[in-house]
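Next up, final-v6.txt (compact mmCIF, C-alpha atoms):
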# COMPACT_ATOMS: atom_id res chain seq x y z
CA MET A 1 0.00 0.00 0.00
CA VAL A 2 1.31 3.47 -0.95
CA LYS A 3 1.79 5.69 2.08
CA ILE A 4 0.55 9.26 1.56
CA ASN A 5 2.43 12.01 3.40
CA GLN A 6 0.65 14.75 5.35
CA LYS A 7 1.15 17.46 2.72
CA THR A 8 -0.39 15.25 -0.02
CA LYS A 9 -3.31 14.48 2.30
CA GLY A 10 -3.75 18.21 2.90
CA ILE A 11 -3.82 18.88 -0.86
CA ILE A 12 -6.41 16.12 -1.40
CA TYR A 13 -8.58 17.51 1.40
CA ILE A 14 -8.37 21.09 0.13
CA LEU A 15 -9.23 20.00 -3.44
CA THR A 16 -12.20 18.05 -2.03
CA ALA A 17 -13.27 21.16 -0.09
CA ALA A 18 -12.96 23.36 -3.20
CA PHE A 19 -15.09 20.94 -5.22
CA GLY A 20 -17.61 20.71 -2.35
CA PHE A 21 -17.99 24.50 -2.13
CA SER A 22 -18.31 24.71 -5.94
CA LEU A 23 -21.16 22.19 -5.87
CA MET A 24 -22.75 24.13 -3.00
CA SER A 25 -22.70 27.27 -5.17
CA LEU A 26 -24.13 25.33 -8.11
CA PHE A 27 -27.09 23.98 -6.11
CA VAL A 28 -27.76 27.37 -4.52
CA LYS A 29 -27.97 28.88 -8.01
CA LEU A 30 -30.12 25.98 -9.28
CA ALA A 31 -32.56 26.62 -6.40
CA GLY A 32 -33.64 29.66 -8.39
CA ASP A 33 -35.43 32.84 -7.37
CA LEU A 34 -35.65 32.36 -3.60
CA PRO A 35 -34.70 34.96 -0.94
CA ALA A 36 -31.03 34.77 0.03
CA MET A 37 -32.01 34.41 3.72
CA GLN A 38 -34.18 31.40 2.88
CA LYS A 39 -31.32 29.75 0.99
CA ALA A 40 -28.90 30.51 3.83
CA PHE A 41 -31.25 29.02 6.45
CA PHE A 42 -31.64 25.68 4.69
CA ARG A 43 -27.95 25.50 3.77
CA ASN A 44 -26.94 26.03 7.41
CA PHE A 45 -29.68 23.84 8.89
CA VAL A 46 -28.44 20.82 6.94
CA ALA A 47 -24.82 21.53 7.95
CA MET A 48 -25.88 21.96 11.58
CA ILE A 49 -27.56 18.53 11.64
CA PHE A 50 -24.47 16.85 10.12
CA VAL A 51 -22.08 18.48 12.62
CA PHE A 52 -24.50 17.85 15.53
CA ILE A 53 -24.37 14.10 14.82
CA MET A 54 -20.56 14.19 14.53
CA MET A 55 -20.22 16.00 17.84
CA LEU A 56 -22.45 13.43 19.57
CA ARG A 57 -20.39 10.58 18.11
CA GLU A 58 -17.09 12.21 19.09
CA LYS A 59 -18.45 13.32 22.50
CA VAL A 60 -17.57 16.98 21.88
CA GLY A 61 -19.24 19.37 24.32
CA PHE A 62 -21.70 21.92 22.90
CA ILE A 63 -20.98 24.69 25.43
CA PRO A 64 -17.75 26.59 24.64
CA PRO A 65 -15.49 28.21 27.25
CA LYS A 66 -16.86 31.61 28.27
CA GLU A 67 -13.83 33.50 26.95
CA HIS A 68 -14.31 32.00 23.45
CA ILE A 69 -17.92 33.21 23.05
CA PRO A 70 -17.16 36.77 21.75
CA ASP A 71 -14.94 35.34 18.98
CA LEU A 72 -17.52 32.65 18.16
CA LEU A 73 -20.18 35.36 17.86
CA GLY A 74 -17.91 37.47 15.65
CA ARG A 75 -17.12 34.49 13.41
CA SER A 76 -20.81 33.57 13.21
CA PHE A 77 -22.17 37.08 12.52
CA PHE A 78 -19.67 38.00 9.81
CA GLY A 79 -19.77 34.48 8.37
CA THR A 80 -23.55 34.75 8.03
CA LEU A 81 -23.27 38.22 6.48
CA GLY A 82 -20.73 36.89 3.97
CA LEU A 83 -22.87 33.85 3.17
CA VAL A 84 -26.07 35.84 2.56
CA CYS A 85 -24.25 38.35 0.33
CA ASN A 86 -22.62 35.51 -1.61
CA PHE A 87 -26.00 33.79 -2.12
CA TYR A 88 -27.53 37.06 -3.32
CA ALA A 89 -24.67 37.45 -5.82
CA LEU A 90 -25.10 33.85 -7.01
CA GLY A 91 -28.71 34.63 -7.92
CA THR A 92 -27.59 37.03 -10.69
CA LEU A 93 -23.90 36.62 -11.51
CA ASN A 94 -22.43 33.67 -13.33
CA LEU A 95 -21.00 30.96 -11.10
CA SER A 96 -17.32 31.74 -11.67
CA ASP A 97 -17.69 35.53 -11.09
CA ALA A 98 -19.51 34.99 -7.77
CA ASN A 99 -16.95 32.42 -6.62
CA MET A 100 -14.02 34.62 -7.64
CA LEU A 101 -15.34 37.60 -5.65
CA ASN A 102 -15.76 35.30 -2.66
CA LYS A 103 -12.10 34.30 -3.06
CA LEU A 104 -11.12 37.84 -2.02
CA SER A 105 -11.64 36.65 1.57
CA PRO A 106 -7.90 35.91 2.24
CA PHE A 107 -7.05 39.48 1.24
CA PHE A 108 -9.75 40.90 3.54
CA ALA A 109 -8.35 38.62 6.25
CA ILE A 110 -4.96 40.36 5.87
CA ILE A 111 -6.65 43.75 6.32
CA PHE A 112 -8.71 42.77 9.37
CA SER A 113 -5.83 40.88 10.96
CA VAL A 114 -4.36 44.36 11.57
CA PHE A 115 -7.30 45.21 13.86
CA LEU A 116 -8.19 41.82 15.35
CA LEU A 117 -4.79 40.13 15.63
CA ARG A 118 -2.53 43.20 15.76
CA GLU A 119 -0.54 41.83 12.81
CA LYS A 120 1.36 44.38 10.74
CA PRO A 121 1.16 43.55 7.01
CA LYS A 122 4.37 43.34 4.98
CA LEU A 123 4.86 45.43 1.82
CA VAL A 124 4.34 42.35 -0.35
CA GLN A 125 0.99 41.70 1.36
CA ILE A 126 -0.11 45.30 0.80
CA ILE A 127 0.79 45.01 -2.90
CA GLY A 128 -1.07 41.67 -3.10
CA VAL A 129 -4.22 43.16 -1.54
CA THR A 130 -4.07 46.14 -3.92
CA VAL A 131 -3.68 43.93 -7.02
CA ALA A 132 -6.55 41.69 -5.85
CA PHE A 133 -8.90 44.63 -5.41
CA VAL A 134 -7.97 46.02 -8.82
CA GLY A 135 -8.86 42.56 -10.16
CA SER A 136 -12.23 42.74 -8.40
CA LEU A 137 -13.03 45.98 -10.28
CA PHE A 138 -12.61 44.13 -13.58
CA ILE A 139 -15.26 41.64 -12.42
CA ILE A 140 -17.61 44.22 -10.84
CA LYS A 141 -17.31 46.67 -13.80
CA PRO A 142 -18.64 49.63 -11.80
CA GLY A 143 -21.02 51.91 -13.65
CA PHE A 144 -24.71 52.86 -13.62
CA GLU A 145 -25.28 51.16 -16.99
CA ASN A 146 -24.23 47.76 -15.60
CA PRO A 147 -27.34 45.95 -14.21
CA GLN A 148 -25.13 43.45 -12.39
CA VAL A 149 -23.13 46.00 -10.39
CA LEU A 150 -25.27 45.61 -7.21
CA PRO A 151 -24.99 41.79 -7.10
CA ALA A 152 -21.26 42.14 -7.85
CA VAL A 153 -20.81 44.56 -4.94
CA ALA A 154 -22.77 42.09 -2.79
CA GLY A 155 -20.31 39.39 -3.91
CA LEU A 156 -17.45 41.66 -2.83
CA ALA A 157 -19.18 42.18 0.54
CA GLY A 158 -19.53 38.39 0.78
CA GLY A 159 -15.77 38.04 0.41
CA MET A 160 -15.26 40.70 3.07
CA GLY A 161 -17.62 38.96 5.53
CA ALA A 162 -15.85 35.64 4.94
CA GLY A 163 -12.44 37.31 5.43
CA ILE A 164 -13.44 38.80 8.79
CA ALA A 165 -14.96 35.46 9.83
CA TYR A 166 -11.73 33.60 8.98
CA THR A 167 -9.77 36.11 11.08
CA PHE A 168 -11.98 35.22 14.07
CA VAL A 169 -11.41 31.53 13.28
CA ARG A 170 -7.65 32.13 13.49
CA ARG A 171 -8.12 33.75 16.90
CA LEU A 172 -10.17 30.75 18.02
CA GLY A 173 -7.51 28.39 16.65
CA LYS A 174 -4.89 30.10 18.80
CA LYS A 175 -7.18 29.47 21.79
CA GLN A 176 -7.45 25.75 20.86
CA GLU A 177 -11.22 25.92 20.22
CA ASN A 178 -12.69 22.71 18.79
CA SER A 179 -13.25 22.97 15.00
CA ARG A 180 -16.53 21.00 15.12
CA ARG A 181 -17.91 23.39 17.73
CA ILE A 182 -16.91 26.40 15.62
CA ILE A 183 -18.88 25.01 12.65
CA PHE A 184 -21.86 24.04 14.82
CA PHE A 185 -21.96 27.44 16.57
CA PHE A 186 -21.82 29.23 13.21
CA SER A 187 -24.55 27.05 11.65
CA ALA A 188 -26.88 27.37 14.67
CA PHE A 189 -26.32 31.14 14.92
CA SER A 190 -27.00 31.56 11.18
CA CYS A 191 -30.23 29.59 11.40
CA LEU A 192 -31.45 31.72 14.33
CA LEU A 193 -30.48 34.95 12.56
CA CYS A 194 -32.15 33.93 9.28
CA LEU A 195 -35.31 32.47 10.88
CA PRO A 196 -37.25 35.77 11.34
CA PHE A 197 -36.51 36.77 7.71
CA LEU A 198 -37.52 33.27 6.58
CA ILE A 199 -40.88 33.58 8.37
CA ILE A 200 -41.58 37.13 7.10
CA GLN A 201 -40.60 36.62 3.45
CA TYR A 202 -40.97 32.86 3.01
CA LYS A 203 -41.40 31.88 -0.63
CA HIS A 204 -43.04 28.59 -1.53
CA MET A 205 -40.55 26.02 -2.80
CA SER A 206 -41.07 23.10 -5.14
CA LEU A 207 -39.80 19.69 -4.07
CA LEU A 208 -36.90 20.06 -6.52
CA GLN A 209 -35.88 23.42 -5.01
CA LEU A 210 -35.90 21.85 -1.54
CA VAL A 211 -33.72 18.99 -2.80
CA TYR A 212 -31.27 21.52 -4.30
CA LEU A 213 -30.99 23.37 -0.98
CA ILE A 214 -30.47 20.12 0.95
CA LEU A 215 -27.71 19.21 -1.51
CA ALA A 216 -26.24 22.71 -1.09
CA GLY A 217 -26.10 22.17 2.67
CA THR A 218 -24.61 18.69 2.26
CA PHE A 219 -21.79 19.87 -0.01
CA ALA A 220 -21.20 22.94 2.19
CA CYS A 221 -20.57 20.50 5.03
CA VAL A 222 -18.17 18.54 2.79
CA GLY A 223 -16.36 21.82 2.04
CA GLN A 224 -16.16 22.94 5.67
CA LEU A 225 -14.94 19.58 6.95
CA GLY A 226 -12.49 19.25 4.05
CA ILE A 227 -10.91 22.65 4.64
CA THR A 228 -10.63 21.94 8.37
CA LYS A 229 -8.96 18.56 7.78
CA ALA A 230 -6.65 20.12 5.16
CA TYR A 231 -5.20 22.67 7.57
CA ILE A 232 -4.80 19.99 10.25
CA CYS A 233 -2.69 17.91 7.84
CA ALA A 234 -0.49 20.71 6.49
CA PRO A 235 0.20 24.42 7.15
CA ALA A 236 -1.56 27.04 5.02
CA ARG A 237 1.69 28.21 3.43
CA GLU A 238 2.07 24.78 1.76
CA ILE A 239 -1.47 24.11 0.48
CA SER A 240 -3.58 27.31 0.47
CA VAL A 241 -2.86 27.98 -3.23
CA TYR A 242 -4.87 24.87 -4.16
CA ASP A 243 -8.00 26.51 -2.76
CA TYR A 244 -8.17 28.61 -5.95
CA THR A 245 -9.16 25.47 -7.86
CA GLN A 246 -12.67 26.29 -6.62
CA VAL A 247 -12.86 28.98 -9.31
CA ILE A 248 -11.84 26.43 -11.99
CA PHE A 249 -14.45 23.95 -10.71
CA ALA A 250 -17.09 26.71 -10.61
CA ALA A 251 -16.24 27.91 -14.14
CA ALA A 252 -16.47 24.33 -15.47
CA LEU A 253 -19.79 23.65 -13.68
CA GLY A 254 -21.18 27.04 -14.79
CA PHE A 255 -20.31 26.28 -18.42
CA LEU A 256 -21.66 22.70 -18.34
CA VAL A 257 -24.92 23.50 -16.51
CA PHE A 258 -25.74 27.10 -17.50
CA GLY A 259 -23.54 27.71 -20.55
CA ASP A 260 -21.78 30.56 -18.70
CA ILE A 261 -18.70 32.01 -20.42
CA PRO A 262 -16.91 34.80 -18.49
CA ASP A 263 -16.22 37.96 -20.50
CA LEU A 264 -12.69 39.21 -21.16
CA LEU A 265 -12.72 41.78 -18.31
CA SER A 266 -13.76 39.10 -15.81
CA VAL A 267 -10.97 36.82 -17.02
CA VAL A 268 -8.47 39.67 -16.48
CA GLY A 269 -9.89 40.03 -12.96
CA TYR A 270 -9.48 36.28 -12.33
CA VAL A 271 -5.84 36.42 -13.46
CA LEU A 272 -5.07 39.39 -11.20
CA ILE A 273 -6.76 37.92 -8.10
CA CYS A 274 -5.39 34.38 -8.60
CA GLY A 275 -1.98 35.82 -9.52
CA ALA A 276 -1.93 37.85 -6.30
CA GLY A 277 -2.99 34.76 -4.34
CA VAL A 278 -0.31 32.56 -5.91
CA ALA A 279 2.36 35.24 -5.36
CA MET A 280 1.35 35.50 -1.68
CA PHE A 281 1.55 31.71 -1.39
CA PHE A 282 5.15 31.60 -2.65
CA TYR A 283 6.08 34.63 -0.55
CA ASN A 284 4.74 32.98 2.64
CA LYS A 285 6.45 29.71 1.76
CA LYS A 286 9.78 31.47 1.20
CA ARG A 287 9.49 33.35 4.50
CA ALA A 288 8.77 30.09 6.33
Whole structure given in structure tokens:
Amino acid sequence: MVKINQKTKGIIYILTAAFGFSLMSLFVKLAGDLPAMQKAFFRNFVAMIFVFIMMLREKVGFIPPKEHIPDLLGRSFFGTLGLVCNFYALGTLNLSDANMLNKLSPFFAIIFSVFLLREKPKLVQIIGVTVAFVGSLFIIKPGFENPQVLPAVAGLAGGMGAGIAYTFVRRLGKKQENSRRIIFFFSAFSCLLCLPFLIIQYKHMSLLQLVYLILAGTFACVGQLGITKAYICAPAREISVYDYTQVIFAAALGFLVFGDIPDLLSVVGYVLICGAGVAMFFYNKKRA
């Protein structure tokens, strides 16, 4: 039997996570014209049930230490904000554009690490963030004549919410908080936050739409567990670059299912954002 080293395992897990999140985005888009809060509720409810069962099997406690609660709330609030904005963007943008804007989250994490972790960014990181945001402008194409500018800005806000949430996750990681409990707390908080909006603006769903949202929640759980396992197996500096395969998976799924073909400006934006991400990866690896 071939023995797989930890770095290879990490790469496999992160590729699995990227494919899982791409399928989540696909099924959210296939669910059609439903309120973003409604999509977010069902996506998180399914994930919460999965993680709840895992925690029972692994005998993980549901009540976190008191000093971890503020960070768990921060991770959950901004994670929910990012998720809802991303789902709103997915309703209008093509799959690859929405996923690419969400991939700005590591660059937002660098910005908010200054405030939450007191980390001073290096010049290379500042340049990387600047290039990534220039790339986002090519995807957003700001202008009053562009009917997709609002969903694109929502996609950008989704990346920002995710970036802040990941910064809180890093703080929790330093405090040795259990990864299953972080996911469960986030999912439960999101469901509670979305529930009033779900009740007020509930839109009737067909059986097929319900199935799509259950599948979205299932593959979101695959993505969350995969990314967690990946960073347990190997440090971020060695495997994080493979997370950008999510955009390739999303572009392929968008083309196969919806016939989406990104325009030239969007492709330029992809190259700038992915290029900045890859450059940051090699920079971090060299520093290490």
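Comparing A:Val268, A:Phe184, A:Phe255, A:Gly226 by their smallest distance to Met48 of chain A, the closest is A:Phe184 (using all atoms listed in the file).
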For Lys39 of chain A, which of A:Ile69, A:Leu213, A:Leu192, A:Val51 is the closest residue, counting all atoms listed in the file?
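Using all atoms listed in the file, the shortest distance to Lys39 of chain A belongs to A:Leu213.
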Ile126 of chain A environment, 12 Å, only C-alpha atoms, sequence neighbours closer than 2 positions dropped, as a PyMOL selection string:
chain A and resi 107-111+114+120-124+128-133+276+280
For Arg170 of chain A, the closest of A:Gly10, A:Pro147, A:Pro196, A:Gly74 counting all atoms listed in the file is A:Gly74
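Distance-wise, atom CA of Gln224 of chain A and atom CA of Phe21 of chain A end up 8.2 Å apart.
Across the model, the gap from atom CA of Glu119 of chain A to atom CA of Tyr166 of chain A is 14.4 Å.
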Rank A:Gln201, A:Ser266, A:Thr167, A:Gln246 by their smallest atom-to-atom distance to Phe115 of chain A, using only C-alpha atoms, and report the top residue only.
A:Thr167
So that I can see what lies close to segment 159-161 of chain A, please list as a tab-separated table (two decimals) with C-alpha atoms, in the frame of the given file the residues with an atom at most 9 Å from it, counting all atoms listed in the file and leaving out residues fewer than 5 positions away in the same chain.
chain	number	residue	atom	x	y	z
A	77	PHE	CA	-22.17	37.08	12.52
A	78	PHE	CA	-19.67	38.00	9.81
A	79	GLY	CA	-19.77	34.48	8.37
A	80	THR	CA	-23.55	34.75	8.03
A	81	LEU	CA	-23.27	38.22	6.48
A	82	GLY	CA	-20.73	36.89	3.97
A	83	LEU	CA	-22.87	33.85	3.17
A	85	CYS	CA	-24.25	38.35	0.33
A	86	ASN	CA	-22.62	35.51	-1.61
A	100	MET	CA	-14.02	34.62	-7.64
A	101	LEU	CA	-15.34	37.60	-5.65
A	102	ASN	CA	-15.76	35.30	-2.66
A	103	LYS	CA	-12.10	34.30	-3.06
A	104	LEU	CA	-11.12	37.84	-2.02
A	105	SER	CA	-11.64	36.65	1.57
A	106	PRO	CA	-7.90	35.91	2.24
A	107	PHE	CA	-7.05	39.48	1.24
A	108	PHE	CA	-9.75	40.90	3.54
A	109	ALA	CA	-8.35	38.62	6.25
A	154	ALA	CA	-22.77	42.09	-2.79
A	166	TYR	CA	-11.73	33.60	8.98
From the list A:Ile14, A:Ile4, A:Gly155, A:Cys274, which residue is nearest Ser240 of chain A when using all atoms listed in the file?
A:Ile14
Which polymer residues have any atom within 9 Å of an atom of Lys29 of chain A, counting only C-alpha atoms, with same-chain residues fewer than 3 positions away left out, as a ChimeraX atom specification?
/A:24-26,32-33,87,90-92,95,212
With distances taken over all atoms listed in the file, which of A:Leu117, A:Ala162, A:Val84, A:Ala220 is nearest to Phe45 of chain A?
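When distances to Phe45 of chain A are compared using all atoms listed in the file, the smallest one comes from A:Ala220.
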Point-to-point distance from atom CA of Gln38 of chain A to atom CA of Val211 of chain A, Å rounded to tenths
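Computing the Euclidean distance for atom CA of Gln38 of chain A and atom CA of Val211 of chain A yields 13.7 Å.
Contact shell of Phe138 of chain A at 8 Å (all atoms listed in the file; same-chain neighbours under 2 positions omitted): Val134, Gly135, Ser136, Ile140, Lys141, Leu265, Ser266, Val268 and Gly269 of chain A.
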Can you find the residues with an atom no farther than 12 Å from (-22.5, 20.4, -15.3), counting all atoms listed in the file, and report them as a ChimeraX atom specification?
/A:22-23,26-27,30,95,249-260
Given the point (-38.7, 26.9, -4.9) in the file's coordinates, find the residues that have an atom at most 7 Å from it, counting all atoms listed in the file, and give them as a VMD selection string.
chain A and resid 31 to 32 34 204 to 206 209 to 210
Complete the atom set of segment 105-126 of chain A to N, CA and C atoms and return it as a PDB file, in the coordinates of the input.
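Final output, saved to rebuild-v4.pdb:
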ATOM      1  N   SER A 105     -11.633  36.761   0.105  1.00  0.00           N
ATOM      2  CA  SER A 105     -11.640  36.650   1.570  1.00  0.00           C
ATOM      3  C   SER A 105     -10.235  36.603   2.197  1.00  0.00           C
ATOM      4  N   PRO A 106      -9.233  35.896   1.605  1.00  0.00           N
ATOM      5  CA  PRO A 106      -7.900  35.910   2.240  1.00  0.00           C
ATOM      6  C   PRO A 106      -7.284  37.305   2.281  1.00  0.00           C
ATOM      7  N   PHE A 107      -7.610  38.128   1.277  1.00  0.00           N
ATOM      8  CA  PHE A 107      -7.050  39.480   1.240  1.00  0.00           C
ATOM      9  C   PHE A 107      -7.731  40.372   2.278  1.00  0.00           C
ATOM     10  N   PHE A 108      -9.053  40.177   2.458  1.00  0.00           N
ATOM     11  CA  PHE A 108      -9.750  40.900   3.540  1.00  0.00           C
ATOM     12  C   PHE A 108      -9.225  40.431   4.894  1.00  0.00           C
ATOM     13  N   ALA A 109      -8.891  39.145   4.984  1.00  0.00           N
ATOM     14  CA  ALA A 109      -8.350  38.620   6.250  1.00  0.00           C
ATOM     15  C   ALA A 109      -7.049  39.314   6.618  1.00  0.00           C
ATOM     16  N   ILE A 110      -6.217  39.626   5.613  1.00  0.00           N
ATOM     17  CA  ILE A 110      -4.960  40.360   5.870  1.00  0.00           C
ATOM     18  C   ILE A 110      -5.275  41.739   6.450  1.00  0.00           C
ATOM     19  N   ILE A 111      -6.287  42.406   5.856  1.00  0.00           N
ATOM     20  CA  ILE A 111      -6.650  43.750   6.320  1.00  0.00           C
ATOM     21  C   ILE A 111      -7.159  43.710   7.761  1.00  0.00           C
ATOM     22  N   PHE A 112      -8.093  42.792   8.042  1.00  0.00           N
ATOM     23  CA  PHE A 112      -8.710  42.770   9.370  1.00  0.00           C
ATOM     24  C   PHE A 112      -7.840  42.114  10.426  1.00  0.00           C
ATOM     25  N   SER A 113      -6.804  41.406   9.994  1.00  0.00           N
ATOM     26  CA  SER A 113      -5.830  40.880  10.960  1.00  0.00           C
ATOM     27  C   SER A 113      -5.081  42.018  11.651  1.00  0.00           C
ATOM     28  N   VAL A 114      -5.005  43.177  10.974  1.00  0.00           N
ATOM     29  CA  VAL A 114      -4.360  44.360  11.570  1.00  0.00           C
ATOM     30  C   VAL A 114      -5.119  44.773  12.830  1.00  0.00           C
ATOM     31  N   PHE A 115      -6.462  44.736  12.753  1.00  0.00           N
ATOM     32  CA  PHE A 115      -7.300  45.210  13.860  1.00  0.00           C
ATOM     33  C   PHE A 115      -7.584  44.120  14.901  1.00  0.00           C
ATOM     34  N   LEU A 116      -7.788  42.881  14.433  1.00  0.00           N
ATOM     35  CA  LEU A 116      -8.190  41.820  15.350  1.00  0.00           C
ATOM     36  C   LEU A 116      -7.031  41.023  15.926  1.00  0.00           C
ATOM     37  N   LEU A 117      -5.926  40.919  15.169  1.00  0.00           N
ATOM     38  CA  LEU A 117      -4.790  40.130  15.630  1.00  0.00           C
ATOM     39  C   LEU A 117      -3.542  40.970  15.861  1.00  0.00           C
ATOM     40  N   ARG A 118      -3.660  42.292  15.598  1.00  0.00           N
ATOM     41  CA  ARG A 118      -2.530  43.200  15.760  1.00  0.00           C
ATOM     42  C   ARG A 118      -1.325  42.777  14.916  1.00  0.00           C
ATOM     43  N   GLU A 119      -1.614  42.243  13.726  1.00  0.00           N
ATOM     44  CA  GLU A 119      -0.540  41.830  12.810  1.00  0.00           C
ATOM     45  C   GLU A 119      -0.278  42.961  11.818  1.00  0.00           C
ATOM     46  N   LYS A 120       0.985  43.312  11.674  1.00  0.00           N
ATOM     47  CA  LYS A 120       1.360  44.380  10.740  1.00  0.00           C
ATOM     48  C   LYS A 120       1.671  43.758   9.381  1.00  0.00           C
ATOM     49  N   PRO A 121       0.928  44.167   8.329  1.00  0.00           N
ATOM     50  CA  PRO A 121       1.160  43.550   7.010  1.00  0.00           C
ATOM     51  C   PRO A 121       2.501  43.971   6.422  1.00  0.00           C
ATOM     52  N   LYS A 122       3.128  43.051   5.698  1.00  0.00           N
ATOM     53  CA  LYS A 122       4.370  43.340   4.980  1.00  0.00           C
ATOM     54  C   LYS A 122       4.032  44.065   3.675  1.00  0.00           C
ATOM     55  N   LEU A 123       5.049  44.696   3.074  1.00  0.00           N
ATOM     56  CA  LEU A 123       4.860  45.430   1.820  1.00  0.00           C
ATOM     57  C   LEU A 123       4.299  44.518   0.733  1.00  0.00           C
ATOM     58  N   VAL A 124       4.808  43.291   0.663  1.00  0.00           N
ATOM     59  CA  VAL A 124       4.340  42.350  -0.350  1.00  0.00           C
ATOM     60  C   VAL A 124       2.843  42.058  -0.168  1.00  0.00           C
ATOM     61  N   GLN A 125       2.402  41.948   1.087  1.00  0.00           N
ATOM     62  CA  GLN A 125       0.990  41.700   1.360  1.00  0.00           C
ATOM     63  C   GLN A 125       0.130  42.900   0.939  1.00  0.00           C
ATOM     64  N   ILE A 126       0.626  44.097   1.197  1.00  0.00           N
ATOM     65  CA  ILE A 126      -0.110  45.300   0.800  1.00  0.00           C
ATOM     66  C   ILE A 126      -0.256  45.359  -0.724  1.00  0.00           C
TER      67      ILE A 126
END
